[in-house]
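Enquirer: File protein-v3.cif follows (mmCIF, C-alpha atoms and all ligand atoms):
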```cif
data_data
loop_
_atom_site.label_atom_id
_atom_site.label_comp_id
_atom_site.auth_asym_id
_atom_site.auth_seq_id
_atom_site.Cartn_x
_atom_site.Cartn_y
_atom_site.Cartn_z
CA MET S 4 -24.36 6.79 -3.10
CA ILE S 5 -25.83 6.32 0.37
CA ILE S 6 -24.25 3.87 2.76
CA ILE S 7 -26.12 2.53 5.77
CA GLN S 8 -24.35 -0.18 7.75
CA PHE S 9 -25.19 -2.04 10.94
CA GLN S 10 -22.84 -3.51 13.47
CA GLU S 11 -23.54 -5.07 16.88
CA MET S 12 -21.00 -4.18 19.57
CA GLU S 13 -21.52 -5.07 23.25
CA ASP S 14 -25.33 -5.18 22.80
CA VAL S 15 -25.31 -1.86 20.99
CA THR S 16 -26.63 -1.61 17.44
CA CYS S 17 -24.30 0.83 15.68
CA VAL S 18 -25.88 2.37 12.58
CA LYS S 19 -23.40 4.07 10.28
CA THR S 20 -24.77 6.42 7.63
CA GLN S 21 -22.73 8.18 4.97
CA VAL S 22 -23.22 9.96 1.67
CA ILE S 23 -20.54 9.40 -0.95
CA ARG S 24 -20.51 11.75 -3.94
CA SER S 25 -18.24 11.52 -6.97
CA ASP S 26 -16.22 14.54 -5.81
CA ARG S 27 -16.17 13.94 -2.05
CA LYS S 28 -17.06 11.64 0.77
CA GLY S 29 -19.43 13.02 3.40
CA ASN S 30 -18.59 12.56 7.06
CA PRO S 31 -20.04 9.35 8.49
CA VAL S 32 -22.80 9.88 11.05
CA TYR S 33 -23.66 7.20 13.59
CA LEU S 34 -26.75 6.54 15.61
CA PHE S 35 -26.84 3.89 18.28
CA LEU S 36 -29.62 1.75 19.69
CA VAL S 37 -29.07 0.28 23.14
CA ASP S 38 -31.62 -1.24 25.49
CA GLY S 39 -34.57 0.58 23.90
CA MET S 40 -32.77 3.92 23.80
CA LEU S 41 -31.72 5.55 20.58
CA ILE S 42 -28.67 7.74 21.00
CA ASP S 43 -28.83 10.46 18.34
CA THR S 44 -31.09 10.34 15.32
CA GLY S 45 -28.91 11.07 12.27
CA GLN S 46 -29.41 13.60 9.51
CA GLN S 47 -32.70 14.58 7.90
CA SER S 48 -31.31 14.20 4.35
CA LEU S 49 -31.06 10.42 4.96
CA GLU S 50 -34.46 10.29 6.64
CA SER S 51 -35.96 7.62 4.38
CA GLU S 52 -33.04 5.19 4.95
CA ILE S 53 -32.99 5.83 8.69
CA ILE S 54 -36.78 5.52 8.99
CA SER S 55 -36.65 2.13 7.23
CA PHE S 56 -34.37 1.02 10.05
CA TYR S 57 -36.82 2.37 12.67
CA LYS S 58 -39.72 0.65 10.91
CA GLU S 59 -38.01 -2.74 11.04
CA HIS S 60 -38.28 -2.86 14.85
CA PRO S 61 -40.41 0.05 16.07
CA GLU S 62 -41.12 -1.82 19.33
CA LYS S 63 -37.41 -1.75 20.16
CA ILE S 64 -37.27 2.05 20.24
CA LYS S 65 -38.74 3.44 23.46
CA LEU S 66 -36.96 6.78 23.77
CA ALA S 67 -34.28 8.87 22.11
CA ALA S 68 -31.50 10.81 23.83
CA LEU S 69 -29.44 13.35 21.92
CA THR S 70 -25.77 14.00 22.65
CA HIS S 71 -26.50 17.56 21.40
CA SER S 72 -28.94 19.38 19.18
CA HIS S 73 -26.85 19.74 16.00
CA GLU S 74 -28.78 18.80 12.87
CA ASP S 75 -26.74 15.67 12.11
CA HIS S 76 -27.80 14.29 15.51
CA SER S 77 -31.39 15.49 15.62
CA GLY S 78 -32.44 15.02 11.97
CA THR S 79 -35.16 12.39 12.45
CA ALA S 80 -36.28 13.33 15.97
CA ALA S 81 -39.46 15.03 14.69
CA TRP S 82 -40.47 11.82 12.88
CA LEU S 83 -39.81 9.71 15.98
CA GLN S 84 -41.85 12.05 18.13
CA GLU S 85 -44.73 12.22 15.69
CA LYS S 86 -44.89 8.63 14.39
CA LEU S 87 -43.51 6.47 17.20
CA GLU S 88 -44.70 8.91 19.87
CA ILE S 89 -41.59 8.41 21.94
CA PRO S 90 -39.97 11.01 24.21
CA ILE S 91 -36.86 12.75 22.93
CA TYR S 92 -34.36 14.13 25.45
CA VAL S 93 -31.75 16.86 25.05
CA HIS S 94 -29.73 18.99 27.45
CA PRO S 95 -31.89 21.92 28.72
CA SER S 96 -29.85 24.49 26.77
CA GLY S 97 -30.70 22.70 23.50
CA ILE S 98 -34.49 22.72 23.92
CA GLN S 99 -35.24 26.03 22.22
CA VAL S 100 -33.10 25.31 19.19
CA CYS S 101 -34.89 21.96 18.69
CA GLN S 102 -38.23 23.78 18.66
CA LYS S 103 -37.17 25.75 15.56
CA ARG S 104 -37.15 24.41 12.03
CA SER S 105 -33.58 24.18 10.64
CA PRO S 106 -32.15 27.19 12.52
CA TYR S 107 -28.77 26.90 10.78
CA PRO S 108 -27.10 28.31 7.64
CA LYS S 109 -27.90 27.28 4.10
CA TYR S 110 -24.73 25.22 3.50
CA ARG S 111 -25.65 23.05 6.50
CA GLN S 112 -29.19 22.68 5.19
CA VAL S 113 -27.72 21.47 1.89
CA THR S 114 -25.37 19.07 3.68
CA TRP S 115 -27.61 17.64 6.38
CA GLY S 116 -31.13 18.48 5.24
CA ILE S 117 -33.91 20.58 6.72
CA ARG S 118 -34.35 19.33 10.25
CA LYS S 119 -37.98 19.68 11.35
CA GLU S 120 -38.87 21.19 14.70
CA PHE S 121 -39.78 18.96 17.65
CA ASN S 122 -40.43 19.29 21.37
CA PRO S 123 -37.76 17.58 23.45
CA LEU S 124 -37.75 16.98 27.19
CA PRO S 125 -34.84 18.22 29.32
CA LEU S 126 -32.17 15.69 30.24
CA GLU S 127 -31.40 15.37 33.94
CA ASN S 128 -28.33 13.83 35.59
CA LYS S 129 -29.57 10.30 34.88
CA ILE S 130 -31.64 8.75 32.14
CA LYS S 131 -33.27 5.34 32.20
CA SER S 132 -33.53 3.04 29.19
CA LEU S 133 -35.51 -0.23 29.52
CA ASN S 134 -33.23 -1.92 32.05
CA THR S 135 -30.32 0.42 32.47
CA GLU S 136 -29.67 3.67 34.24
CA TRP S 137 -27.24 5.95 32.41
CA GLU S 138 -25.28 8.84 33.77
CA VAL S 139 -25.65 12.02 31.74
CA ILE S 140 -22.32 13.85 31.78
CA TYR S 141 -22.35 17.49 30.72
CA THR S 142 -19.46 17.97 28.29
CA PRO S 143 -19.62 21.39 26.59
CA GLY S 144 -17.00 22.66 24.13
CA HIS S 145 -18.20 21.35 20.79
CA ALA S 146 -21.67 22.66 21.64
CA ASP S 147 -23.08 24.21 24.80
CA ASP S 148 -25.77 21.50 24.99
CA HIS S 149 -23.36 18.58 24.58
CA VAL S 150 -23.53 15.54 26.87
CA ALA S 151 -22.03 12.06 27.08
CA PHE S 152 -23.93 8.96 28.25
CA TYR S 153 -22.23 6.50 30.57
CA HIS S 154 -23.10 3.15 32.11
CA GLU S 155 -20.77 2.24 34.93
CA GLN S 156 -21.33 -1.54 35.17
CA THR S 157 -20.63 -2.18 31.48
CA GLY S 158 -18.19 0.70 31.02
CA ARG S 159 -19.97 1.93 27.90
CA MET S 160 -19.42 5.60 27.06
CA PHE S 161 -21.23 7.45 24.26
CA THR S 162 -19.13 10.50 23.52
CA GLY S 163 -21.14 12.39 20.86
CA ASP S 164 -18.78 14.78 19.05
CA LEU S 165 -16.12 14.95 21.73
CA PHE S 166 -13.63 12.69 19.95
CA VAL S 167 -14.46 12.65 16.18
CA SER S 168 -10.80 12.63 15.10
CA PRO S 169 -7.44 12.42 16.89
CA LYS S 170 -6.20 15.74 15.52
CA THR S 171 -8.59 18.66 15.29
CA LYS S 172 -7.87 20.82 12.22
CA VAL S 173 -10.95 23.05 11.96
CA ILE S 174 -13.78 23.88 14.35
CA MET S 175 -16.94 25.97 14.25
CA ASP S 176 -16.95 29.54 15.54
CA THR S 177 -19.23 28.46 18.39
CA GLU S 178 -16.76 25.84 19.68
CA SER S 179 -14.15 26.22 22.38
CA ILE S 180 -11.01 24.08 22.47
CA PRO S 181 -10.26 24.80 26.17
CA MET S 182 -13.81 23.74 27.08
CA THR S 183 -13.49 20.59 24.98
CA MET S 184 -10.23 19.82 26.79
CA ASP S 185 -11.96 20.24 30.17
CA SER S 186 -14.79 17.96 29.02
CA ILE S 187 -12.33 15.26 27.91
CA ARG S 188 -10.53 15.59 31.26
CA LYS S 189 -13.87 15.15 33.01
CA LEU S 190 -14.69 11.98 31.03
CA LEU S 191 -11.24 10.52 31.69
CA THR S 192 -12.05 10.48 35.43
CA TYR S 193 -14.68 7.78 34.70
CA ASP S 194 -13.96 4.08 34.52
CA PHE S 195 -14.46 2.96 30.91
CA LYS S 196 -12.56 1.41 28.07
CA SER S 197 -14.61 1.62 24.89
CA ILE S 198 -16.28 4.65 23.35
CA TYR S 199 -19.07 5.14 20.82
CA CYS S 200 -18.32 8.27 18.78
CA SER S 201 -21.06 9.83 16.66
CA HIS S 202 -18.74 10.28 13.64
CA ALA S 203 -16.00 7.67 14.06
CA GLY S 204 -18.03 4.82 15.59
CA TYR S 205 -16.92 2.24 18.12
CA PHE S 206 -13.42 2.07 19.59
CA GLU S 207 -12.56 -0.75 21.91
CA ASN S 208 -9.61 1.30 23.21
CA GLY S 209 -11.65 4.51 23.31
CA LYS S 210 -10.30 5.82 26.59
CA ARG S 211 -6.79 5.68 25.17
CA LYS S 212 -7.99 7.50 22.05
CA LEU S 213 -9.48 10.27 24.18
CA LYS S 214 -6.25 10.55 26.17
CA GLN S 215 -4.26 10.89 22.96
CA LYS S 216 -6.64 13.56 21.74
CA LEU S 217 -6.25 15.49 24.99
CA GLU S 218 -2.45 15.24 24.75
CA HIS S 219 -2.62 16.57 21.20
CA LEU S 220 -4.81 19.49 22.26
CA GLU S 221 -2.53 20.23 25.21
CA ARG S 222 0.47 20.43 22.87
CA LEU S 223 -1.49 22.68 20.55
CA TYR S 224 -2.53 24.90 23.47
CA SER S 225 1.12 25.35 24.52
CA GLU S 226 2.21 26.13 20.96
CA VAL S 227 -0.47 28.81 20.66
CA GLU S 228 0.44 30.20 24.08
CA ILE S 229 4.15 30.48 23.24
CA LEU S 230 3.52 32.22 19.91
CA TYR S 231 0.97 34.55 21.47
CA GLN S 232 3.38 35.53 24.23
CA GLU S 233 6.01 36.20 21.57
CA GLY S 234 3.60 38.79 20.16
CA TYR S 235 2.17 37.02 17.11
CA SER S 236 -1.41 37.77 16.08
CA ILE S 237 -4.24 35.23 15.77
CA ASP S 238 -3.89 35.17 12.00
CA GLU S 239 -0.11 34.74 12.13
CA ILE S 240 -0.41 31.89 14.64
CA ASN S 241 -3.14 30.28 12.56
CA LYS S 242 -1.02 30.43 9.41
CA SER S 243 1.99 28.99 11.14
CA LEU S 244 0.21 26.11 12.94
CA PHE S 245 -2.42 25.37 10.27
CA PRO S 246 -0.85 26.18 6.89
CA LYS S 247 -3.38 24.10 4.98
CA VAL S 248 -6.72 25.78 4.25
CA TYR S 249 -9.48 23.18 3.99
CA PRO S 250 -12.36 23.54 1.49
CA ILE S 251 -14.88 23.65 4.38
CA VAL S 252 -13.57 27.12 5.31
CA ASP S 253 -14.87 28.67 2.08
CA PHE S 254 -17.83 26.34 1.80
CA SER S 255 -19.05 27.35 5.26
CA ASN S 256 -18.23 31.02 4.74
CA GLY S 257 -15.81 30.85 7.66
CA GLU S 258 -18.15 29.19 10.17
CA TRP S 259 -15.59 26.36 10.16
CA ASP S 260 -11.96 27.49 10.36
CA SER S 261 -8.71 26.57 12.10
CA ARG S 262 -8.60 30.24 13.17
CA HIS S 263 -11.37 29.47 15.71
CA ILE S 264 -9.08 26.91 17.35
CA VAL S 265 -6.44 29.59 17.88
CA SER S 266 -8.86 32.32 18.95
CA SER S 267 -10.66 30.09 21.48
CA ILE S 268 -7.30 29.22 23.08
CA ILE S 269 -6.23 32.88 23.14
CA SER S 270 -9.44 33.99 24.81
CA GLU S 271 -8.82 31.40 27.53
CA ILE S 272 -5.22 32.63 27.97
CA ASN S 273 -6.50 36.21 28.28
CA LYS S 274 -9.16 35.12 30.76
CA GLU S 275 -6.55 33.33 32.87
CA SER S 276 -4.16 36.28 32.87
CA PHE S 277 -7.04 38.60 33.83
CA LEU S 278 -7.85 36.42 36.85
FE FE O 1 -22.00 18.37 16.40
#
```
Show the structure stored in the file as structure tokens.

Expert:
Amino acid sequence: MIIIQFQEMEDVTCVKTQVIRSDRKGNPVYLFLVDGMLIDTGQQSLESEIISFYKEHPEKIKLAALTHSHEDHSGTAAWLQEKLEIPIYVHPSGIQVCQKRSPYPKYRQVTWGIRKEFNPLPLENKIKSLNTEWEVIYTPGHADDHVAFYHEQTGRMFTGDLFVSPKTKVIMDTESIPMTMDSIRKLLTYDFKSIYCSHAGYFENGKRKLKQKLEHLERLYSEVEILYQEGYSIDEINKSLFPKVYPIVDFSNGEWDSRHIVSSIISEINKESFL
């Protein structure tokens, strides 16, 4: 079953998409439309549902800005570029990957669909929607082309995949927990209250949520550090802090694993002790 739901929050149309199968619920994916600007474009496998939404009010969509290039955020960008002829923006380090057709493993193609190639423009420090100027805040960690979008006057913050859930249990091998922590710290220096998360949606108390997430990651960091200094290996630390092995680990052939949380923290510890 495919779920597509709409909610208006602070002049933002929040579009929630989700696939529910008999054996498991897929992760929700959000796209947002604010002041003529689409933030993220969902997954290609739900293209027909998402395009029906675009076709209802094509005149309302003047540009699209991606929080990062992952396929669940860029899935319908090629359609938007081709059919609505609107510009699509992504952080400069995401441009090349967007120009390739589905450059990601098979299990992700099955989950999110075959994302078609498109030609994005590079995001700069600011981006303008119809009547609003947004700050583009570089927030790597989840992906090296990850950004957040912020509007100071209204305090709206679009956080992409920086929050997602309060307690991180598995990450991809390309992610870095210390970098994510730095990115959250950076966002917390801004004046905002609510957040729009690409997988968990709108939170009125979003800044508090992000703070709690940072506190959780800081605790985790210290636990890893203590065990590492006591001489335990990455695998031993992983087993002790994350005893549960989630199905995604096998399903993704190890691209997702709690082990990457531990190893990214340990490489930061080693880097710090080297300096
Ligand atoms: Fe992502």

Enquirer: Can you tell me which residues surround His149 (chain S) at a distance of at most 10 Å, considering all atoms listed in the file, apart from same-chain residues fewer than 6 positions away, and format the answer as a VMD selection string?

Expert: chain S and resid 69 to 73 93 to 94 96 to 97 139 to 143 162 to 165 186

Enquirer: Restricting the calculation to only C-alpha atoms, which member of S:Trp115, S:Val15, S:Pro95, S:Ala81 is positioned closest to Thr157 (chain S)?

Expert: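 The answer is S:Val15, which sits nearest to Thr157 (chain S).
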
Enquirer: So which one's closest to ligand FE 1 (chain O), S:Gly209, S:Pro90, S:Gly144, S:Gly234? Using all atoms listed in the file, please.

Expert: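 The answer is S:Gly144, which sits nearest to ligand FE 1 (chain O).
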
Enquirer: Separation of CA of Pro106 (chain S) and CA of Ile269 (chain S), in Å?

Expert: 28.6 Å

Enquirer: Which residues are close to Lys242 (chain S), i.e. within 10 Å by only C-alpha atoms, leaving aside same-chain residues fewer than 6 positions away? Reply as a count of residues only.

Expert: 4

Enquirer: Report, in Å to a single decimal, how far apart CA of Phe161 (chain S) and CA of Ala203 (chain S) are.

Expert: 11.5 Å

Enquirer: Tell me which of S:Leu49, S:Ile268, S:Leu217, S:Ile54 sits closest to Ile237 (chain S), counting only C-alpha atoms.

Expert: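 Answer, going by the shortest atom-to-atom distance: S:Ile268.
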
Enquirer: For region 26-86 of chain S versus region 191-199 of chain S, which residues have an atom no more than 10 Å away, and what is each residue's nearest atom pair and distance in Å rounded to one decimal, using all atoms listed in the file, chain-then-number order, as a tab-separated table?

Expert:
```
residue	atom	partner	partner_atom	distance
S:Tyr33	CA	S:Tyr199	CA	8.8
S:Leu34	CA	S:Tyr199	CA	9.4
S:Phe35	CA	S:Tyr199	CA	8.3
S:Ile42	CA	S:Tyr199	CA	9.9
```

Enquirer: Dump N, CA and C atoms of region 81-95 of chain S from the given block, as a compact mmCIF listing (two decimals), in the first residue's frame.

Expert:
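Contents of out.txt, freshly written:
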```txt
# COMPACT_ATOMS: atom_id res chain seq x y z
N ALA S 81 14.61 14.51 -12.16
CA ALA S 81 14.75 14.45 -13.63
C ALA S 81 13.42 14.84 -14.28
N TRP S 82 12.31 14.35 -13.72
CA TRP S 82 10.99 14.69 -14.26
C TRP S 82 10.73 16.19 -14.15
N LEU S 83 11.05 16.75 -12.99
CA LEU S 83 10.82 18.19 -12.77
C LEU S 83 11.63 19.02 -13.76
N GLN S 84 12.87 18.59 -13.98
CA GLN S 84 13.73 19.34 -14.88
C GLN S 84 13.21 19.25 -16.32
N GLU S 85 12.80 18.05 -16.69
CA GLU S 85 12.37 17.82 -18.07
C GLU S 85 10.98 18.39 -18.35
N LYS S 86 10.04 18.13 -17.45
CA LYS S 86 8.63 18.48 -17.74
C LYS S 86 8.25 19.88 -17.26
N LEU S 87 8.69 20.26 -16.06
CA LEU S 87 8.33 21.60 -15.58
C LEU S 87 9.42 22.62 -15.93
N GLU S 88 10.54 22.11 -16.40
CA GLU S 88 11.68 22.95 -16.81
C GLU S 88 12.10 23.93 -15.72
N ILE S 89 12.15 23.41 -14.51
CA ILE S 89 12.58 24.27 -13.39
C ILE S 89 14.02 23.94 -13.02
N PRO S 90 14.74 24.89 -12.42
CA PRO S 90 16.10 24.58 -11.97
C PRO S 90 16.09 23.71 -10.71
N ILE S 91 17.07 22.82 -10.64
CA ILE S 91 17.23 21.97 -9.46
C ILE S 91 18.59 22.31 -8.87
N TYR S 92 18.65 22.52 -7.58
CA TYR S 92 19.91 22.89 -6.93
C TYR S 92 20.37 21.81 -5.97
N VAL S 93 21.68 21.61 -5.94
CA VAL S 93 22.28 20.67 -4.98
C VAL S 93 23.65 21.22 -4.59
N HIS S 94 24.17 20.80 -3.46
CA HIS S 94 25.51 21.23 -3.06
C HIS S 94 26.51 20.83 -4.17
N PRO S 95 27.54 21.67 -4.44
CA PRO S 95 28.47 21.37 -5.53
C PRO S 95 29.02 19.94 -5.51
```
